[in-house]
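Some notes on the structure that comes next.
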There are 2 protein chains.
Amino acid sequence: MSDMPVDEFRRAGHQVVDWIADYLHNMRDLPVLPNVEPGFLIDALPASAPESGEPIDGILADFERQIVPGMTHWNHPNFHGYFSVSASGPGILGEFLTSALNVNHMVWKSSPAATELEQVTTRWLAEWCGLGPEFFGEILDTASTSTMHAIAAAREMADPDARTKGGSRDLIVYTSEHAHSSIEKGAIAVGIGQDNVRKIGVDDAFRMRPDILAQAMAADRAAGKRPCCVVPTAGTTSTTSVDPISDVIGIAEQYGAWVHVDAAYGGVAAIVPEHRHILNGIERAHSMVVNPHKWLFCPIDLSVLYTSRPDILRRAFSLVPEYLRTNEDGRVVNLMDYGVPLGRRFRSLKLWFVMRYFGHQRVIETVRNHIQWTNELACEISRHPDFELAAPVPMALICFRMRGSDDANRKLMDAVNRTGHAFLSHTVLNGHFVLRLSISNIRVTKADVERTWQTIQSAAAAL
Amino acid sequence: MSDMPVDEFRRAGHQVVDWIADYLHNMRDLPVLPNVEPGFLIDALPASAPESGEPIDGILADFERQIVPGMTHWNHPNFHGYFSVSASGPGILGEFLTSALNVNHMVWKSSPAATELEQVTTRWLAEWCGLGPEFFGEILDTASTSTMHAIAAAREMADPDARTKGGSRDLIVYTSEHAHSSIEKGAIAVGIGQDNVRKIGVDDAFRMRPDILAQAMAADRAAGKRPCCVVPTAGTTSTTSVDPISDVIGIAEQYGAWVHVDAAYGGVAAIVPEHRHILNGIERAHSMVVNPHKWLFCPIDLSVLYTSRPDILRRAFSLVPEYLRTNEDGRVVNLMDYGVPLGRRFRSLKLWFVMRYFGHQRVIETVRNHIQWTNELACEISRHPDFELAAPVPMALICFRMRGSDDANRKLMDAVNRTGHAFLSHTVLNGHFVLRLSISNIRVTKADVERTWQTIQSAAAAL
């Protein structure tokens, strides 16, 4: 056998391009959330793969008929759940080329251009975010993985024996009670343990309180524990609150703890000059994660882990088996040295396409628009007699609720999502069920935002 | 701003399809290994991203001019290094659609079809590999990540306190001295520690010796350690040797240890009926990793972690923050519960395309051809007066050397790779430098294999 014949690939490829172009163009006609029940696809598909091959046309037809109607359309401008994201045109084309090249740049030699483009694009992005040249960047799949790596580096710095002898039960990680679950999960994964994660209390704006952090670190040290890592967030998941990074670092420095900044979402806001301040103090952090697949128009997955201590990250993970030694060792970066995954997809290509196609100024303008439209809608919501804001709006996410019970708000969310015209998610703030509305899609317009608001008001009126 | 206009996307997309079709068609004209020096691309590209956006045509032209000449072409039929892999036509098209849909199925609701297609395709593949319905499958990026998850599950089974209190320094992991570095790295990552990985000796065919394993486990228990995980390999990286899985499991069972089978490469060989035996005993294993991005014609990345104890994997990792609770919880699989990464790319789509397009019988035929051609070439090499085999050839990889010094063999490898006509990698066996020649590309023909052999002989003659 051989691969699909090239002519067939060409024909089917053109067909897929047209499908994607139409999909992007007609996106607004699709329901954001599909109307399907658990098991709908498992029940519809055969229990076994086919014995004989099938024509590509039939597979593409089934994709349209069976898969697409069961998708939640994250690319839809009225998808406002979780954090809204977008696969831009140049990002999609970059990923397409990546899949065709199909390289694995675990070592420089195994794809020199992929290794070096990862270094170039992560440096470009570092500059946009205000990180100095001391920050080394590597690309991983998701922020959860990046943060786990940062916590492993913190473990390595605090307890160099852990690599050889195993985890310690006295290392302590600090983050806020509003931090993402990935910090706890990272601590669980690397053998620090969930009980050794302190969730520091927040102020009225859901920002980590440095005074409580200082007390907690002092108490732990007094109790014979070893504070090893502090994780402030620039853009928490529930509310996009921004922890006071500089103050937090000042406290962490007293204990020699690693500081990892979770800017998975908010790091991109720092590209906009008037929002740069959210990363104030970052030059003293040991690491930071930012996800271009969140707000920088790259298709998922693409998370960048930066560290000013690549030597420690490397010490935590490097293992070079004989079959991966190369003549260039010592003169090049071999990315496998900096983490768990040996294999690496050529993810920087789509980042290169996106950064070049849009350029610095258009990215600033777009992110600025998102923040502005979000704030305008937040004003409207706060002025509406039936609604109220549930948190400040520092970036491009609104936490709000209908005046009334949690149950009514839950019903409102489900009603909005059932319309298919918009998709919201939720969180709990101060014990109350709260709706979340995120505005970061590259195709979203002011009119889309207004339509979402109309949908919410209509659904509320119909409850 | 908005995204790239749809008409522009359509035009550029068609251009990219044609480029990829030509690339696949003319692959054999490209040098497998590029002729570039460290820093070639870093020096050639601007230090900063552009301020203003650039036309897509210029970016695509630079891709051809600057990136492609610096690639090692893993898709080339004469790429025989590491493990040869391939992005097949249907796999590339599937990935293209994935990037356009851009969904994140961390929970069922956030993309029902992506969650369910992952369950369906991993079940299809399990059936092909001979795994029963008790095996739950999830897709991760690479085998290193999958194996780290398996070791974390082993830790959870042996020491349920580790999740909350942190790693233990008395848990022991066993694998062979020929196992992949990811087993050690996984043990380092999850806080078991490198010193607590026992590398069990091998027999003449580089297979783990059950007698040595039994002694090591007994000695550890006698010393108060806790044997928690045994990792046999079906297809080791150096030689594709196959550990005696059934015997190994028999020993592990005496200690209640988790057995994780590293079949990242070899699992696909088990699809061929006459090679199914390499996974004999798998029904008693707790987990297995197999990488469709290695030998099953899917573009990187796509690694499947199977486990017959998803309850333990879930206990090791599940953490559900409020903002990710859904109405369907309890009735659906939410894949975020089974590992570190929260975000998940819709990787199963390309697996679905590949399994359907080629079908069971054509996959069997292709993998069987690879194994047969490999064995035929191994015969030729063993008959040649100047060469010798350095290991048995159970699958589709030949370890061989030119009679002579290690240095001469190193020079031979570099000489072959410098021709651009073929790419080989190396390992060390019994203290000697050995060449590795892997034959698993979907486009490779018997004639390609013969051309590689000619290239090797010419390079040897010219030394």
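Residues are referred to by chain and number: the chain letter is A, B, ... according to the order shown in the structure tokens, the number counts from 1 in that chain, and ligands are numbered separately from 1 in the order shown.
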If you count only C-alpha atoms, which residues fall within 7 Å of A:Ala113, apart from same-chain ones fewer than 2 positions away, as a ChimeraX atom specification? /A:111,115-117 /B:41,67,70-71
Within 6 Å of B:Asn291 using only C-alpha atoms, minus same-chain residues under 6 positions, as a PyMOL selection string: chain B and resi 264+303-304
Using DSSP on the backbone, list every residue of stretch 297-404 of chain A that comes out as alpha helix (DSSP H), and give them as number ranges by chain. A: 310-317, 348-383
Restrict the selected residues to N, CA and C atoms and save them as a tab-separated table (two decimals), in the first residue's frame.
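Output saved as selection-v2.tsv:
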```tsv
chain	number	residue	atom	x	y	z
A	310	PRO	N	16.41	28.80	32.98
A	310	PRO	CA	16.35	27.56	32.18
A	310	PRO	C	17.33	26.51	32.70
A	311	ASP	N	18.38	26.97	33.40
A	311	ASP	CA	19.34	26.01	33.95
A	311	ASP	C	18.67	25.10	34.97
A	312	ILE	N	17.77	25.67	35.77
A	312	ILE	CA	17.10	24.85	36.79
A	312	ILE	C	16.04	23.96	36.15
A	313	LEU	N	15.31	24.51	35.19
A	313	LEU	CA	14.31	23.70	34.49
A	313	LEU	C	14.99	22.50	33.83
A	314	ARG	N	16.14	22.75	33.25
A	314	ARG	CA	16.91	21.70	32.59
A	314	ARG	C	17.40	20.67	33.60
A	315	ARG	N	17.86	21.16	34.74
A	315	ARG	CA	18.36	20.24	35.77
A	315	ARG	C	17.22	19.36	36.26
A	316	ALA	N	16.02	19.92	36.28
A	316	ALA	CA	14.87	19.14	36.76
A	316	ALA	C	14.55	17.98	35.82
A	317	PHE	N	14.81	18.16	34.52
A	317	PHE	CA	14.27	17.21	33.54
A	317	PHE	C	15.27	16.54	32.61
A	348	SER	N	5.45	26.32	16.67
A	348	SER	CA	5.82	27.73	16.51
A	348	SER	C	5.48	28.25	15.12
A	349	LEU	N	5.26	27.34	14.17
A	349	LEU	CA	4.99	27.80	12.81
A	349	LEU	C	3.71	28.64	12.77
A	350	LYS	N	2.67	28.17	13.44
A	350	LYS	CA	1.41	28.95	13.41
A	350	LYS	C	1.57	30.27	14.16
A	351	LEU	N	2.40	30.27	15.21
A	351	LEU	CA	2.63	31.52	15.94
A	351	LEU	C	3.36	32.52	15.04
A	352	TRP	N	4.31	32.02	14.27
A	352	TRP	CA	5.05	32.87	13.32
A	352	TRP	C	4.09	33.46	12.27
A	353	PHE	N	3.22	32.61	11.74
A	353	PHE	CA	2.23	33.08	10.76
A	353	PHE	C	1.35	34.18	11.38
A	354	VAL	N	0.85	33.93	12.58
A	354	VAL	CA	-0.08	34.87	13.21
A	354	VAL	C	0.61	36.20	13.55
A	355	MET	N	1.80	36.12	14.13
A	355	MET	CA	2.48	37.36	14.53
A	355	MET	C	2.86	38.20	13.31
A	356	ARG	N	3.26	37.52	12.23
A	356	ARG	CA	3.63	38.27	11.03
A	356	ARG	C	2.41	38.79	10.29
A	357	TYR	N	1.39	37.97	10.15
A	357	TYR	CA	0.22	38.38	9.36
A	357	TYR	C	-0.49	39.58	9.99
A	358	PHE	N	-0.68	39.52	11.30
A	358	PHE	CA	-1.41	40.63	11.94
A	358	PHE	C	-0.46	41.76	12.34
A	359	GLY	N	0.73	41.40	12.80
A	359	GLY	CA	1.67	42.43	13.24
A	359	GLY	C	1.29	42.98	14.61
A	360	HIS	N	2.25	43.63	15.22
A	360	HIS	CA	2.11	44.12	16.59
A	360	HIS	C	0.92	45.07	16.74
A	361	GLN	N	0.81	46.03	15.82
A	361	GLN	CA	-0.21	47.07	15.99
A	361	GLN	C	-1.63	46.53	15.85
A	362	ARG	N	-1.84	45.60	14.92
A	362	ARG	CA	-3.20	45.07	14.77
A	362	ARG	C	-3.58	44.18	15.94
A	363	VAL	N	-2.60	43.50	16.52
A	363	VAL	CA	-2.90	42.70	17.71
A	363	VAL	C	-3.29	43.63	18.86
A	364	ILE	N	-2.53	44.71	19.02
A	364	ILE	CA	-2.86	45.68	20.09
A	364	ILE	C	-4.27	46.22	19.89
A	365	GLU	N	-4.56	46.59	18.65
A	365	GLU	CA	-5.86	47.19	18.35
A	365	GLU	C	-7.00	46.20	18.65
A	366	THR	N	-6.79	44.94	18.28
A	366	THR	CA	-7.84	43.95	18.48
A	366	THR	C	-8.08	43.68	19.96
A	367	VAL	N	-6.99	43.47	20.69
A	367	VAL	CA	-7.14	43.17	22.11
A	367	VAL	C	-7.73	44.38	22.83
A	368	ARG	N	-7.31	45.56	22.40
A	368	ARG	CA	-7.86	46.79	22.98
A	368	ARG	C	-9.37	46.89	22.71
A	369	ASN	N	-9.78	46.58	21.50
A	369	ASN	CA	-11.21	46.58	21.18
A	369	ASN	C	-11.97	45.61	22.09
A	370	HIS	N	-11.43	44.42	22.26
A	370	HIS	CA	-12.11	43.44	23.10
A	370	HIS	C	-12.32	44.00	24.50
A	371	ILE	N	-11.27	44.61	25.02
A	371	ILE	CA	-11.37	45.14	26.39
A	371	ILE	C	-12.37	46.29	26.44
A	372	GLN	N	-12.35	47.12	25.39
A	372	GLN	CA	-13.26	48.27	25.38
A	372	GLN	C	-14.73	47.82	25.26
A	373	TRP	N	-15.00	46.92	24.32
A	373	TRP	CA	-16.38	46.45	24.15
A	373	TRP	C	-16.87	45.76	25.42
A	374	THR	N	-15.96	45.03	26.06
A	374	THR	CA	-16.32	44.35	27.30
A	374	THR	C	-16.72	45.38	28.35
A	375	ASN	N	-15.95	46.43	28.44
A	375	ASN	CA	-16.25	47.45	29.44
A	375	ASN	C	-17.53	48.20	29.11
A	376	GLU	N	-17.77	48.42	27.83
A	376	GLU	CA	-19.03	49.08	27.45
A	376	GLU	C	-20.24	48.21	27.82
A	377	LEU	N	-20.12	46.91	27.55
A	377	LEU	CA	-21.23	46.03	27.90
A	377	LEU	C	-21.39	45.95	29.42
A	378	ALA	N	-20.27	45.93	30.12
A	378	ALA	CA	-20.33	45.89	31.59
A	378	ALA	C	-21.10	47.11	32.12
A	379	CYS	N	-20.88	48.26	31.49
A	379	CYS	CA	-21.62	49.46	31.89
A	379	CYS	C	-23.12	49.28	31.68
A	380	GLU	N	-23.46	48.75	30.51
A	380	GLU	CA	-24.89	48.53	30.22
A	380	GLU	C	-25.51	47.58	31.23
A	381	ILE	N	-24.78	46.51	31.52
A	381	ILE	CA	-25.30	45.52	32.47
A	381	ILE	C	-25.50	46.16	33.83
A	382	SER	N	-24.53	46.96	34.24
A	382	SER	CA	-24.61	47.54	35.58
A	382	SER	C	-25.74	48.57	35.67
A	383	ARG	N	-26.10	49.16	34.51
A	383	ARG	CA	-27.18	50.15	34.52
A	383	ARG	C	-28.57	49.51	34.44
```
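Each of A:His286, A:Arg403, A:Arg347, A:His421 was compared to chain B using only C-alpha atoms, and A:Arg347 turns out to be the nearest.
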From the options A:Ala219, A:Asp204, A:Cys229, A:Leu45, which residue's atoms come nearest to B:Arg123, counting only C-alpha atoms?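 Result for the nearest residue to B:Arg123: A:Leu45.
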Determine the nearest neighbour of A:Phe135 from the options A:Tyr306, A:Tyr265, A:Tyr338, A:Trp108, counting only C-alpha atoms.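 With only C-alpha atoms as the atom set, the closest residue is A:Tyr306.
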Contacts of stretch 163-172 of chain B at 8 Å or less, counting only C-alpha atoms, minus same-chain residues fewer than 6 places along, as an MDAnalysis selection string? (chainID A and resid 165:169 188:196) or (chainID B and resid 155:156 190:193 196:198 220 224:229 316)
